[in-house]
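Novice: Sharing a structure, written as structure tokens. Questions coming.
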Amino acid sequence: LTCMLVLSQLGVNIAPLLAGAGILGLAVGFGAQKLVQDIITGAFIQFENAMNEGDVVTAGGVTGTVERLTIRSVSLRSLDGAYHLIPFSSVDSVSNFMKNFSYHVANIGVDYGVSVPEVKRAMQDAFERLKKTEEGEHIIGELEMHGVTEFGDSAIMVRARIKTQAGRQWAIGRLYNEIIKELFEERGIEIPFPHVTLNVSNEDLARLTKPLMDST
């Protein structure tokens, strides 16, 4: 302040300096406020053991593996390899995919002409095969069959759920899908693909084929 008064006495216009000092003070104050918010939120998240290094979580809108935790931020590595540094002040919730146990939810689309009980039996048999693989030791409990959950445009959705040890749901889910495909092929159960049915009247058909008939 004394320096400012001296400059003013020497004829220097100190108004821009005062404005700059005010903006700088505001920026420092805002930064300090965010830092305090980061630390307080981070302390509560870590106190409640919401995540640990190695966990797969969703935080701040990003899903990835926790690589580093500090009192101020969490560092996530997403599936595509990107490294995300997320300050705790931007985290309003944490979804942890590796707490205690996990689930693989199998939503299987089948053709409308297929027998639903037959699909359920195939899904159960695929589960029995799955339990005999190297991933079987990571399965907790029996297959939970939920049944038909949706009538889609070209498929009926049949859902089941497999309880797994924490973090094993992805590997088990991939292997289960492979076994499902093999078993469906063995039993002739069709997995449909999107298609469009076009209805054409006799008059339209005659009009469309007339040029071909004339050319012959």
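Here's how to read the names in the structure tokens: chain A, B, ... by the order shown, residue numbers from 1 in each chain, ligand numbers from 1 in the order shown.
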Just want the 7 Å neighbourhood of Ile156 of chain A, counted on only C-alpha atoms, with same-chain residues fewer than 5 positions away dropped. Output as a list in words.
Specialist: Gly109, Val110, Asp111, Tyr112, Val148, Glu150 and Phe151 of chain A
Novice: Segment 93-97 of chain A: which residues within 6 Å, counting only C-alpha atoms, same-chain residues fewer than 6 positions away excluded, as a VMD selection string?
Specialist: chain A and resid 56 to 59
Novice: Store the residues of this selection in a file with C-alpha atoms, as a CSV table (one decimal), in the first residue's frame.
Specialist:
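Wrote out-v2.csv, looks like this:
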chain,number,residue,atom,x,y,z
A,56,VAL,CA,-12.3,-49.9,-10.7
A,57,VAL,CA,-14.6,-46.9,-10.0
A,58,THR,CA,-16.6,-44.1,-11.6
A,59,ALA,CA,-15.8,-40.7,-10.1
Novice: Name the residues in contact with Arg187 of chain A at a cut-off of 10 Å, using only C-alpha atoms, excluding same-chain residues fewer than 3 positions from it; report them as number ranges by chain.
Specialist: A: 118-119, 122, 182-184, 190
Novice: Which distance in Å separates atom CA of Ala160 of chain A and atom CA of Asp125 of chain A, to one decimal?
Specialist: 12.4 Å
Novice: Here is a test: counting only C-alpha atoms, which residue of A:Ile71, A:Ile139, A:Ile39, A:Val116 is nearest to Arg159 of chain A?
Specialist: A:Val116
Novice: Quick one: distance from atom CA of Met98 of chain A to atom CA of Gly167 of chain A in Å, one decimal?
Specialist: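 Taking atom CA of Met98 of chain A and atom CA of Gly167 of chain A, their separation equals 5.1 Å.
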Novice: To test your reading of the structure, identify every residue in segment 73-147 of chain A that backbone DSSP assigns to strand (DSSP E or B), and report it as a VMD selection string.
Specialist: chain A and resid 73 to 77 83 to 87 94 to 96 101 to 110 139 144 to 147
Novice: Output C-alpha atoms for every residue in that selection, as a tab-separated table (two decimals), in the first residue's frame.
Specialist:
chain	number	residue	atom	x	y	z
A	73	SER	CA	-7.36	-35.84	-5.93
A	74	VAL	CA	-7.76	-39.29	-7.45
A	75	SER	CA	-5.93	-40.47	-10.58
A	76	LEU	CA	-7.80	-42.91	-12.85
A	77	ARG	CA	-6.61	-44.93	-15.84
A	83	TYR	CA	-4.78	-40.91	-17.44
A	84	HIS	CA	-7.34	-38.74	-15.63
A	85	LEU	CA	-6.49	-36.51	-12.67
A	86	ILE	CA	-9.75	-35.65	-10.88
A	87	PRO	CA	-9.87	-33.17	-7.98
A	94	VAL	CA	-18.31	-42.70	-6.26
A	95	SER	CA	-19.37	-46.00	-7.87
A	96	ASN	CA	-16.99	-48.81	-6.91
A	101	PHE	CA	-18.63	-58.95	-4.62
A	102	SER	CA	-19.80	-58.21	-8.16
A	103	TYR	CA	-22.34	-59.37	-10.74
A	104	HIS	CA	-22.23	-60.20	-14.41
A	105	VAL	CA	-25.65	-59.37	-15.85
A	106	ALA	CA	-26.31	-61.46	-18.96
A	107	ASN	CA	-28.88	-59.88	-21.30
A	108	ILE	CA	-29.29	-62.38	-24.13
A	109	GLY	CA	-31.31	-61.50	-27.24
A	110	VAL	CA	-33.05	-64.41	-28.99
A	139	ILE	CA	-18.23	-67.71	-9.02
A	144	GLU	CA	-30.06	-66.17	-10.95
A	145	MET	CA	-32.56	-66.53	-13.79
A	146	HIS	CA	-34.67	-63.39	-14.21
A	147	GLY	CA	-36.46	-64.42	-17.41
Novice: Got a sec to tell me which of segment 148-205 of chain A DSSP assigns to alpha helix (DSSP H), as a ChimeraX atom specification?
Specialist: /A:169-187,202-205
Novice: Find the residues near Gly54 of chain A: any atom within 8 Å, counting only C-alpha atoms, skip ones fewer than 4 places away on the same chain, and give them as a list in words.
Specialist: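 Once the nearby chain positions are removed, what remains is Thr65, Val66 and Glu67 of chain A.
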Novice: Would you list the contacts of Ile140 of chain A as a PyMOL selection string, taking every protein, DNA or RNA residue within 9 Å and counting only C-alpha atoms, but skipping same-chain residues closer than 5 positions in sequence?
Specialist: chain A and resi 101+162-165
Novice: Within 10 Å of Glu142 of chain A, counting only C-alpha atoms, which residues show up once you throw out same-chain ones fewer than 4 positions away? Write them as JSON, numbers by chain, please.
Specialist: {"A": [124, 127, 128, 131, 161, 162, 163]}
Novice: Work out how far apart atom CA of Arg121 of chain A and atom CA of Phe193 of chain A are and give it in Å to one decimal.
Specialist: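 According to the coordinates, atom CA of Arg121 of chain A and atom CA of Phe193 of chain A are separated by 22.0 Å.
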